[in-house]
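To start, the structure under review is shown below, and the notes come after it.
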Amino acid sequence: MSRPSGISFNFADCTEALYSSATLFWMAKKLNDFSALKTQMRFYDEKKEFATEKLSVWENRNPQKLLYKNYSRVLPCYVIFGHDIDFSKIRAPQKKLWIGRGENPVALVRTNWNIGEGLYLGIKGGKGNLSHAHLDAGSFVFDSGNIAWAVDLGAENYHSMESQGISLWKYENGSSRWKILRYHNMAHNTLSVDGNEHIYDAFAPISKTFDSEEKRGAEVILTDVLGRKVKSAIRQAYLENNKIAVIKDSIESAEKKILLRWNMCTPAAVKLLPELNTIELKKDGESLKVVVESNLNLRLKTWSAQPKTKYETPNSGKIFVGFECEVPPHTKLNTTVKLIPLQ
């Protein structure tokens, strides 16, 4: 889940900040695979001692600092599980694709295991009625080197929400939980139909995986999640030739016309080039070109990422980009979105 930009794939109520995990030391020994500790090395100093002041990656960039005192209770586990590990022999994993096939399945792809280098793409399936879940099936994140171009807004403050009468733990469609922007599918990097909520208890499985240099990633079936207004909805997310990310969607409408929204949350500055079906993103001196290909006419758009209530957390520096497309009844929409880092 560790991204080259220095944050995590923080779907659902996960935190964006990265932190050290004693569990990985146990797992590495159990599997006899010490490459599992590659991403943990950032939390240690040159003497290979536990760096308590470095529990948060790149603290000058990451606003979510994890304090040492919160994890001191597990320090003995590091001694027990890690005392005989030779850190100098830890190498990067050979695999570039990892699939987690749980109730909230994820696919993670990367081209490089060093901090600040290479491409990273993550996509998830799952459903909205799991513990701490969001309506985020089909959502993806994307990094190029130090820059996180496609991000997740993360969790909300439980106490603030409950103080306003929000029933956080009622997951049914129409419940007040889904009125919170950060929990709704419209705020995630996925598809939405007619502005409706995803079906909260519908499951989006990872149906295929791709693991070649030309195409590495996964396919997620979103048909049930998007509801009865679609006959089918399939999303593929993969890295192509280790150079660009591709998000490919195929959606077939049912009996009525639908308005499909393709959404991506970004911290970058945005420029729409509708005549080229292209969106230009710029951040920290780097650029990303988002090129949209479609068999139907569409409208490139931006939307505010700021909540409409005063009690929700402001999403400072974030904006939603993407497009809308009106799909006639019984019609298939095929779109290919290419995320192209510019040198």
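Each chain of the structure tokens is named A, B, ... in the order shown, its residues numbered from 1; ligands are numbered from 1 in display order.
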Can you pull out every residue within 12 Å of Arg3 of chain A, counting only C-alpha atoms, but drop anything in the same chain fewer than 3 positions away, and send it as a PDB file with C-alpha atoms, in the first residue's frame?
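Output file result36.pdb follows:
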ATOM      1  CA  GLY A   6       5.384   8.971   0.328  1.00  0.00           C
ATOM      2  CA  ILE A   7       1.719   8.322   1.144  1.00  0.00           C
ATOM      3  CA  SER A   8      -0.466   5.220   1.232  1.00  0.00           C
ATOM      4  CA  PHE A   9      -3.357   3.939  -0.863  1.00  0.00           C
ATOM      5  CA  ASN A  10      -5.736   5.181   1.822  1.00  0.00           C
ATOM      6  CA  GLU A  16      -2.775   8.680   4.242  1.00  0.00           C
ATOM      7  CA  ALA A  17       0.361   8.637   6.394  1.00  0.00           C
ATOM      8  CA  LEU A  18       2.728   5.673   6.310  1.00  0.00           C
ATOM      9  CA  THR A  39       9.344  -0.348   2.220  1.00  0.00           C
ATOM     10  CA  VAL A  57       7.439   9.712   5.820  1.00  0.00           C
ATOM     11  CA  LEU A 108      -1.386  -2.764  -6.756  1.00  0.00           C
ATOM     12  CA  VAL A 109       1.124  -2.202  -9.562  1.00  0.00           C
ATOM     13  CA  ARG A 110       4.499  -0.483  -9.487  1.00  0.00           C
ATOM     14  CA  THR A 111       7.584  -0.152 -11.675  1.00  0.00           C
ATOM     15  CA  ASN A 112      10.092   0.702  -8.935  1.00  0.00           C
ATOM     16  CA  TRP A 113      10.457   0.093  -5.190  1.00  0.00           C
ATOM     17  CA  ASN A 114      12.516   3.186  -4.361  1.00  0.00           C
ATOM     18  CA  ILE A 115      10.972   6.235  -2.701  1.00  0.00           C
ATOM     19  CA  GLY A 116      10.186   8.933  -5.243  1.00  0.00           C
ATOM     20  CA  GLU A 117      10.817   6.750  -8.294  1.00  0.00           C
ATOM     21  CA  GLY A 118       8.683   4.957 -10.869  1.00  0.00           C
ATOM     22  CA  LEU A 119       4.952   4.617 -11.475  1.00  0.00           C
ATOM     23  CA  TYR A 120       2.365   3.296  -9.052  1.00  0.00           C
ATOM     24  CA  LEU A 121      -1.257   2.357  -9.753  1.00  0.00           C
ATOM     25  CA  GLY A 122      -3.770   0.992  -7.282  1.00  0.00           C
ATOM     26  CA  VAL A 141      -4.848   6.104  -7.270  1.00  0.00           C
ATOM     27  CA  PHE A 142      -1.821   6.985  -9.388  1.00  0.00           C
ATOM     28  CA  ASP A 143       1.717   8.216  -8.674  1.00  0.00           C
ATOM     29  CA  SER A 144       4.567   9.214 -10.920  1.00  0.00           C
ATOM     30  CA  GLY A 145       7.746   9.568  -8.889  1.00  0.00           C
ATOM     31  CA  ASN A 146       7.273  12.059  -6.064  1.00  0.00           C
ATOM     32  CA  ILE A 147       3.879  13.225  -7.306  1.00  0.00           C
ATOM     33  CA  ALA A 148       0.547  11.714  -6.286  1.00  0.00           C
ATOM     34  CA  TRP A 149      -1.663  12.704  -9.235  1.00  0.00           C
ATOM     35  CA  ALA A 150      -4.808  10.746  -8.327  1.00  0.00           C
ATOM     36  CA  VAL A 151      -5.588  10.649  -4.615  1.00  0.00           C
TER      37      VAL A 151
END
Q: Using only C-alpha atoms, determine which residues lie at most 10 Å from Glu240 of chain A, disregarding the query and same-chain residues fewer than 4 positions distant; provide the list as a VMD selection string.
A: chain A and resid 212 to 217 244 to 246 338
Please provide as an mmCIF file with C-alpha atoms, in the first residue's frame all residues within 12 Å of Ile85 of chain A, with the sequence filter that same-chain residues fewer than 3 positions apart are discarded (counting only C-alpha atoms).
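Result file follows (out_16.cif):
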data_model
loop_
_atom_site.group_PDB
_atom_site.id
_atom_site.type_symbol
_atom_site.label_atom_id
_atom_site.label_comp_id
_atom_site.auth_asym_id
_atom_site.auth_seq_id
_atom_site.Cartn_x
_atom_site.Cartn_y
_atom_site.Cartn_z
ATOM 1 C CA PHE A 25 8.774 -8.478 10.469
ATOM 2 C CA TRP A 26 6.837 -11.507 11.680
ATOM 3 C CA ALA A 28 8.790 -11.790 6.505
ATOM 4 C CA LYS A 29 10.216 -14.507 8.750
ATOM 5 C CA ASN A 32 11.048 -16.494 4.516
ATOM 6 C CA ASP A 33 10.690 -13.507 2.199
ATOM 7 C CA PHE A 34 12.521 -10.490 3.552
ATOM 8 C CA SER A 35 11.713 -8.399 0.501
ATOM 9 C CA LEU A 37 10.530 -5.311 4.512
ATOM 10 C CA LYS A 48 19.659 0.362 11.508
ATOM 11 C CA TYR A 78 10.331 -5.342 16.819
ATOM 12 C CA VAL A 79 12.898 -6.908 19.150
ATOM 13 C CA ILE A 80 11.216 -10.310 19.064
ATOM 14 C CA PHE A 81 10.556 -10.473 15.315
ATOM 15 C CA GLY A 82 13.479 -8.432 13.982
ATOM 16 C CA SER A 88 21.914 -5.252 4.465
ATOM 17 C CA LYS A 89 20.509 -8.296 2.682
ATOM 18 C CA ILE A 90 16.993 -6.963 2.207
#
Q | Interatomic distance (Å, one decimal) between atom CA of Lys96 of chain A and atom CA of Asn185 of chain A | A | 28.2 Å
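What separates atom CA of Arg261 of chain A from atom CA of Asp201 of chain A is a distance of 20.9 Å.
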Q: Determine, counting only C-alpha atoms, which protein, DNA and RNA residues have an atom within 7 Å of an atom of Ser294 of chain A; residues of the same chain fewer than 3 positions away are not included. Present the result as an NGL selection string.
A: :A and (334-336)
I need the residues from that last selection saved to file as a PDB file, in the first residue's frame (with C-alpha atoms), if you can.
ATOM      1  CA  ASN A 334     -16.389   2.716 -24.269  1.00  0.00           C
ATOM      2  CA  THR A 335     -13.803   5.092 -22.840  1.00  0.00           C
ATOM      3  CA  THR A 336     -10.038   4.920 -22.496  1.00  0.00           C
TER       4      THR A 336
END
Q) DSSP says helix (DSSP H, G or I) for which residues of segment 52-294 of chain A? Put them as a ChimeraX atom specification? A) /A:52-54,68-70,72-82,87-89,158-163,176-179,181-183,185-187,223-226,274-276
Q) Can you list every residue in segment 7-190 of chain A that DSSP puts in strand (DSSP E), as a list in words? A)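 Residues meeting the strand (DSSP E) criterion: Leu97, Trp98, Ile99, Gly100, Val106, Ala107, Leu108, Val109, Arg110, Leu119, Tyr120, Leu121, Gly122, Ile123, Lys124, Phe140, Val141, Phe142, Asp143, Ser144, Ile147, Ala148, Trp149 and Ala150 of chain A.
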Q. Counting only C-alpha atoms, which of A:Glu280, A:Glu255, A:Glu219, A:Asp86 gets nearest to Leu342 of chain A?
A. A:Glu280
Which residues are close to segment 284-290 of chain A, i.e. within 7 Å by only C-alpha atoms, leaving aside same-chain residues fewer than 6 positions away? Reply as a short mmCIF file (atom, residue, chain, number, x, y, z; two decimals) with C-alpha atoms, in the first residue's frame.
data_model
loop_
_atom_site.label_atom_id
_atom_site.label_comp_id
_atom_site.auth_asym_id
_atom_site.auth_seq_id
_atom_site.Cartn_x
_atom_site.Cartn_y
_atom_site.Cartn_z
CA THR A 278 -7.25 16.40 -22.85
CA VAL A 337 -8.29 7.44 -20.26
CA LYS A 338 -4.51 7.62 -20.51
CA LEU A 339 -2.50 9.20 -17.69
CA ILE A 340 0.76 10.25 -19.32
CA PRO A 341 3.60 11.69 -17.21
CA LEU A 342 5.57 14.28 -19.18
#
